[in-house]
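K.L.:
Structure file query-v3.txt, compact mmCIF, C-alpha atoms, is pasted below:
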# COMPACT_ATOMS: atom_id res chain seq x y z
CA MET A 1360 -49.25 32.16 14.77
CA ALA A 1361 -46.80 34.55 13.11
CA SER A 1362 -44.05 33.11 15.31
CA THR A 1363 -44.70 29.59 13.96
CA ASN A 1364 -44.68 30.80 10.36
CA ASN A 1365 -41.43 32.69 10.97
CA PHE A 1366 -39.89 29.55 12.46
CA ARG A 1367 -40.93 27.42 9.49
CA SER A 1368 -39.68 29.97 6.95
CA ASN A 1369 -36.28 29.98 8.67
CA ALA A 1370 -36.12 26.22 9.20
CA LEU A 1371 -35.35 25.09 5.64
CA PRO A 1372 -32.36 27.39 5.03
CA THR A 1373 -31.08 26.53 8.50
CA ILE A 1374 -31.36 22.80 7.84
CA LEU A 1375 -29.63 23.18 4.47
CA TRP A 1376 -26.74 25.25 5.82
CA LEU A 1377 -26.23 23.15 8.93
CA GLY A 1378 -26.44 19.93 6.91
CA LEU A 1379 -23.76 21.30 4.58
CA LEU A 1380 -21.65 22.36 7.55
CA THR A 1381 -22.12 19.02 9.30
CA GLY A 1382 -21.25 17.03 6.19
CA THR A 1383 -18.18 19.14 5.45
CA MET A 1384 -16.86 18.97 9.00
CA ASP A 1385 -17.50 15.23 9.22
CA GLY A 1386 -15.89 14.57 5.83
CA THR A 1387 -12.89 16.71 6.71
CA SER A 1388 -12.42 14.94 10.02
CA ALA A 1389 -12.68 11.52 8.33
CA ILE A 1390 -10.02 12.55 5.81
CA LEU A 1391 -7.72 13.98 8.49
CA LEU A 1392 -8.11 11.02 10.83
CA ASN A 1393 -7.47 8.55 7.98
CA TRP A 1394 -5.02 10.60 5.95
CA LYS A 1395 -2.97 7.52 5.01
CA LEU A 1396 -5.97 6.10 3.14
CA GLY A 1397 -6.74 9.30 1.26
CA ALA A 1398 -10.04 10.97 0.50
CA GLU A 1399 -10.58 8.82 -2.59
CA THR A 1400 -10.67 5.59 -0.58
CA ILE A 1401 -12.90 7.10 2.10
CA PHE A 1402 -15.53 8.25 -0.39
CA ARG A 1403 -15.31 4.96 -2.31
CA TYR A 1404 -15.99 3.19 0.98
CA ILE A 1405 -19.13 5.31 1.45
CA ALA A 1406 -20.24 4.51 -2.12
CA ASN A 1407 -19.64 0.86 -1.26
CA ALA A 1408 -22.83 0.97 0.85
CA LEU A 1409 -24.92 1.14 -2.34
CA PHE A 1410 -22.68 -0.18 -5.11
CA GLY A 1411 -20.81 -2.91 -3.25
CA LYS A 1412 -17.37 -3.93 -4.55
CA ALA A 1413 -18.05 -2.06 -7.78
CA ALA A 1414 -17.33 1.17 -5.88
CA PHE A 1415 -13.66 0.20 -5.59
CA ALA A 1416 -13.42 -1.04 -9.19
CA GLY A 1417 -15.26 1.95 -10.68
CA GLY A 1418 -13.87 5.25 -11.86
CA PRO A 1419 -14.03 8.75 -10.41
CA GLU A 1420 -17.83 8.73 -10.53
CA MET A 1421 -17.79 6.43 -7.50
CA ILE A 1422 -15.87 9.07 -5.53
CA VAL A 1423 -18.51 11.63 -6.50
CA PHE A 1424 -21.32 9.24 -5.50
CA GLY A 1425 -19.56 8.65 -2.18
CA ALA A 1426 -19.36 12.38 -1.50
CA LEU A 1427 -23.01 12.86 -2.47
CA PHE A 1428 -24.10 9.97 -0.25
CA HIS A 1429 -22.05 11.41 2.58
CA TYR A 1430 -23.93 14.73 2.38
CA CYS A 1431 -27.28 12.94 2.05
CA PHE A 1432 -26.54 11.04 5.25
CA ALA A 1433 -25.54 14.28 6.99
CA TYR A 1434 -28.83 15.93 5.99
CA LEU A 1435 -30.87 12.91 7.06
CA ILE A 1436 -29.12 12.70 10.41
CA TYR A 1437 -29.54 16.43 11.02
CA HIS A 1438 -33.22 16.27 10.04
CA HIS A 1439 -33.70 13.30 12.37
CA ILE A 1440 -32.09 15.22 15.24
CA LEU A 1441 -34.48 18.11 14.65
CA SER A 1442 -37.49 15.81 14.59
CA VAL A 1443 -36.43 13.95 17.75
CA LEU A 1444 -35.46 17.13 19.61
CA PRO A 1445 -37.96 19.73 18.38
CA ASP A 1446 -37.34 21.98 21.38
CA LEU A 1447 -34.00 23.09 19.94
CA HIS A 1448 -35.82 25.97 18.16
CA ILE A 1449 -33.12 26.24 15.51
CA GLY A 1450 -33.85 29.14 13.21
CA SER A 1451 -36.04 31.01 15.67
CA LYS A 1452 -35.25 34.02 17.82
CA LYS A 1453 -36.39 32.38 21.00
Do you think you could lay out the structure here as structure tokens?
P.N.:
Amino acid sequence: MASTNNFRSNALPTILWLGLLTGTMDGTSAILLNWKLGAETIFRYIANALFGKAAFAGGPEMIVFGALFHYCFAYLIYHHILSVLPDLHIGSKK
């Protein structure tokens, strides 16, 4: 039982760090692969999912929302991967 508790105590920090890493690497690759568009346009496009065309007409807050949404998606995807593939044992010493 101690092994399960140790796994659960390590799981949250692992999910947070790997979600941050995943989001940063994905965002960086999107910027590098679309460097002619620029980071501003990429994050506005992500904000477009919630705000529609207002994301392109809005100010810098739309870029911030786009970046925040990008990291939220990264965390959700990473969490989904862990729930679908629980045998990964991320955060344990197995």
K.L.:
I'd like the contact shell of Ala1433 of chain A - 7 Å cut-off, all atoms listed in the file, skipping same-chain residues fewer than 5 positions apart - returned as an MDAnalysis selection string.
P.N.:
chainID A and resid 1378 1381:1382
K.L.:
As an exercise, work out the distance from atom CA of Leu1391 of chain A to atom CA of Pro1372 of chain A in Å and give it to one decimal place.
P.N.:
28.3 Å
K.L.:
Provide the atom CA of Ala1398 of chain A to atom CA of Ile1422 of chain A distance in Å, to one decimal place.
P.N.:
8.6 Å
K.L.:
So what do you get for atom CA of Phe1432 of chain A versus atom CA of Leu1409 of chain A, distance-wise?
P.N.:
12.6 Å
K.L.:
Just give me the residues with any atom within 12 Å of (-11.7, 3.6, -8.0), file coordinates, counting all atoms listed in the file, written as number ranges by chain.
P.N.:
A: 1397-1404, 1406-1407, 1410, 1412-1425
K.L.:
Between A:Met1384, A:Leu1396, A:Ile1374, A:Ile1390, which has the minimum distance to Ile1440 of chain A (counting all atoms listed in the file)?
P.N.:
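Result for the nearest residue to Ile1440 of chain A: A:Ile1374.
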K.L.:
Return the single residue from A:Leu1427, A:Ile1405, A:Trp1394, A:Tyr1434 that is closest to Leu1379 of chain A, with distances computed using all atoms listed in the file.
P.N.:
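Answer, going by the shortest atom-to-atom distance: A:Tyr1434.
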K.L.:
Taking all atoms listed in the file into account, which of A:Gly1386, A:Asn1369, A:Leu1380, A:Gly1411 comes nearest Tyr1437 of chain A?
P.N.:
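Among the listed residues, A:Leu1380 lies closest to Tyr1437 of chain A.
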K.L.:
Please put the answer as AutoDock Vina command-line options: centre and edge lengths, in Å with one decimal, of a box along x, y and z that encloses all listed atoms of segment 1429-1443 of chain A plus 6 Å on each side.
P.N.:
--center_x -29.8 --center_y 14.6 --center_z 9.9 --size_x 27.4 --size_y 19.1 --size_z 27.7
K.L.:
Export N, CA and C atoms of segment 1393-1430 of chain A from the structure just given, as a JSON list (two decimals), in the first residue's frame?
P.N.:
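Once everything was written out, this is result_34.json:
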[["chain", "number", "residue", "atom", "x", "y", "z"],
["A", 1393, "ASN", "N", 6.31, 27.59, -38.07],
["A", 1393, "ASN", "CA", 5.50, 28.64, -38.70],
["A", 1393, "ASN", "C", 6.09, 30.01, -38.43],
["A", 1394, "TRP", "N", 7.39, 30.11, -38.50],
["A", 1394, "TRP", "CA", 8.06, 31.34, -38.09],
["A", 1394, "TRP", "C", 7.65, 32.56, -38.91],
["A", 1395, "LYS", "N", 7.16, 32.36, -40.12],
["A", 1395, "LYS", "CA", 6.72, 33.50, -40.94],
["A", 1395, "LYS", "C", 5.44, 34.13, -40.38],
["A", 1396, "LEU", "N", 4.63, 33.33, -39.72],
["A", 1396, "LEU", "CA", 3.41, 33.85, -39.10],
["A", 1396, "LEU", "C", 3.70, 34.63, -37.83],
["A", 1397, "GLY", "N", 4.63, 34.13, -37.05],
["A", 1397, "GLY", "CA", 4.96, 34.75, -35.77],
["A", 1397, "GLY", "C", 4.15, 34.14, -34.64],
["A", 1398, "ALA", "N", 4.71, 34.23, -33.45],
["A", 1398, "ALA", "CA", 4.08, 33.65, -32.26],
["A", 1398, "ALA", "C", 2.74, 34.30, -31.97],
["A", 1399, "GLU", "N", 2.64, 35.60, -32.22],
["A", 1399, "GLU", "CA", 1.40, 36.32, -31.94],
["A", 1399, "GLU", "C", 0.22, 35.70, -32.70],
["A", 1400, "THR", "N", 0.41, 35.45, -33.98],
["A", 1400, "THR", "CA", -0.67, 34.89, -34.81],
["A", 1400, "THR", "C", -1.01, 33.47, -34.37],
["A", 1401, "ILE", "N", 0.00, 32.71, -34.01],
["A", 1401, "ILE", "CA", -0.24, 31.32, -33.59],
["A", 1401, "ILE", "C", -1.09, 31.29, -32.33],
["A", 1402, "PHE", "N", -0.74, 32.11, -31.34],
["A", 1402, "PHE", "CA", -1.51, 32.10, -30.09],
["A", 1402, "PHE", "C", -2.88, 32.75, -30.26],
["A", 1403, "ARG", "N", -3.01, 33.70, -31.17],
["A", 1403, "ARG", "CA", -4.34, 34.25, -31.48],
["A", 1403, "ARG", "C", -5.21, 33.16, -32.13],
["A", 1404, "TYR", "N", -4.61, 32.35, -32.97],
["A", 1404, "TYR", "CA", -5.35, 31.26, -33.60],
["A", 1404, "TYR", "C", -5.86, 30.27, -32.55],
["A", 1405, "ILE", "N", -5.06, 30.00, -31.54],
["A", 1405, "ILE", "CA", -5.50, 29.11, -30.46],
["A", 1405, "ILE", "C", -6.64, 29.75, -29.68],
["A", 1406, "ALA", "N", -6.54, 31.06, -29.40],
["A", 1406, "ALA", "CA", -7.61, 31.77, -28.70],
["A", 1406, "ALA", "C", -8.88, 31.82, -29.54],
["A", 1407, "ASN", "N", -8.71, 31.73, -30.85],
["A", 1407, "ASN", "CA", -9.84, 31.73, -31.77],
["A", 1407, "ASN", "C", -10.81, 30.59, -31.48],
["A", 1408, "ALA", "N", -10.32, 29.50, -30.90],
["A", 1408, "ALA", "CA", -11.18, 28.36, -30.57],
["A", 1408, "ALA", "C", -12.30, 28.75, -29.61],
["A", 1409, "LEU", "N", -12.04, 29.69, -28.72],
["A", 1409, "LEU", "CA", -13.05, 30.11, -27.74],
["A", 1409, "LEU", "C", -13.68, 31.45, -28.11],
["A", 1410, "PHE", "N", -12.87, 32.39, -28.57],
["A", 1410, "PHE", "CA", -13.35, 33.75, -28.80],
["A", 1410, "PHE", "C", -13.77, 34.03, -30.24],
["A", 1411, "GLY", "N", -13.52, 33.12, -31.15],
["A", 1411, "GLY", "CA", -13.88, 33.34, -32.54],
["A", 1411, "GLY", "C", -13.03, 34.44, -33.17],
["A", 1412, "LYS", "N", -13.63, 35.18, -34.09],
["A", 1412, "LYS", "CA", -12.90, 36.23, -34.82],
["A", 1412, "LYS", "C", -12.43, 37.36, -33.91],
["A", 1413, "ALA", "N", -13.02, 37.47, -32.74],
["A", 1413, "ALA", "CA", -12.61, 38.51, -31.79],
["A", 1413, "ALA", "C", -11.17, 38.31, -31.34],
["A", 1414, "ALA", "N", -10.66, 37.10, -31.44],
["A", 1414, "ALA", "CA", -9.28, 36.82, -31.04],
["A", 1414, "ALA", "C", -8.30, 37.58, -31.93],
["A", 1415, "PHE", "N", -8.63, 37.74, -33.20],
["A", 1415, "PHE", "CA", -7.74, 38.45, -34.13],
["A", 1415, "PHE", "C", -7.93, 39.95, -34.05],
["A", 1416, "ALA", "N", -9.11, 40.40, -33.60],
["A", 1416, "ALA", "CA", -9.38, 41.83, -33.49],
["A", 1416, "ALA", "C", -8.98, 42.37, -32.11],
["A", 1417, "GLY", "N", -8.84, 41.49, -31.14],
["A", 1417, "GLY", "CA", -8.54, 41.90, -29.77],
["A", 1417, "GLY", "C", -7.10, 42.32, -29.59],
["A", 1418, "GLY", "N", -6.79, 42.76, -28.39],
["A", 1418, "GLY", "CA", -5.45, 43.22, -28.06],
["A", 1418, "GLY", "C", -4.55, 42.09, -27.58],
["A", 1419, "PRO", "N", -3.51, 42.47, -26.84],
["A", 1419, "PRO", "CA", -2.54, 41.48, -26.37],
["A", 1419, "PRO", "C", -3.12, 40.44, -25.42],
["A", 1420, "GLU", "N", -4.25, 40.74, -24.82],
["A", 1420, "GLU", "CA", -4.86, 39.77, -23.90],
["A", 1420, "GLU", "C", -5.25, 38.49, -24.64],
["A", 1421, "MET", "N", -5.55, 38.60, -25.92],
["A", 1421, "MET", "CA", -5.90, 37.41, -26.71],
["A", 1421, "MET", "C", -4.68, 36.51, -26.91],
["A", 1422, "ILE", "N", -3.51, 37.10, -27.01],
["A", 1422, "ILE", "CA", -2.28, 36.31, -27.12],
["A", 1422, "ILE", "C", -2.05, 35.55, -25.81],
["A", 1423, "VAL", "N", -2.29, 36.23, -24.70],
["A", 1423, "VAL", "CA", -2.13, 35.60, -23.38],
["A", 1423, "VAL", "C", -3.14, 34.47, -23.22],
["A", 1424, "PHE", "N", -4.40, 34.72, -23.60],
["A", 1424, "PHE", "CA", -5.41, 33.66, -23.54],
["A", 1424, "PHE", "C", -5.01, 32.47, -24.41],
["A", 1425, "GLY", "N", -4.48, 32.75, -25.59],
["A", 1425, "GLY", "CA", -4.04, 31.68, -26.48],
["A", 1425, "GLY", "C", -2.95, 30.84, -25.86],
["A", 1426, "ALA", "N", -1.99, 31.49, -25.22],
["A", 1426, "ALA", "CA", -0.91, 30.75, -24.55],
["A", 1426, "ALA", "C", -1.46, 29.94, -23.38],
["A", 1427, "LEU", "N", -2.36, 30.52, -22.61],
["A", 1427, "LEU", "CA", -2.96, 29.79, -21.48],
["A", 1427, "LEU", "C", -3.77, 28.59, -21.97],
["A", 1428, "PHE", "N", -4.55, 28.78, -23.03],
["A", 1428, "PHE", "CA", -5.32, 27.67, -23.58],
["A", 1428, "PHE", "C", -4.39, 26.59, -24.10],
["A", 1429, "HIS", "N", -3.30, 27.00, -24.70],
["A", 1429, "HIS", "CA", -2.33, 26.03, -25.22],
["A", 1429, "HIS", "C", -1.82, 25.12, -24.09],
["A", 1430, "TYR", "N", -1.45, 25.72, -22.96],
["A", 1430, "TYR", "CA", -0.97, 24.92, -21.82],
["A", 1430, "TYR", "C", -2.09, 24.08, -21.22]]
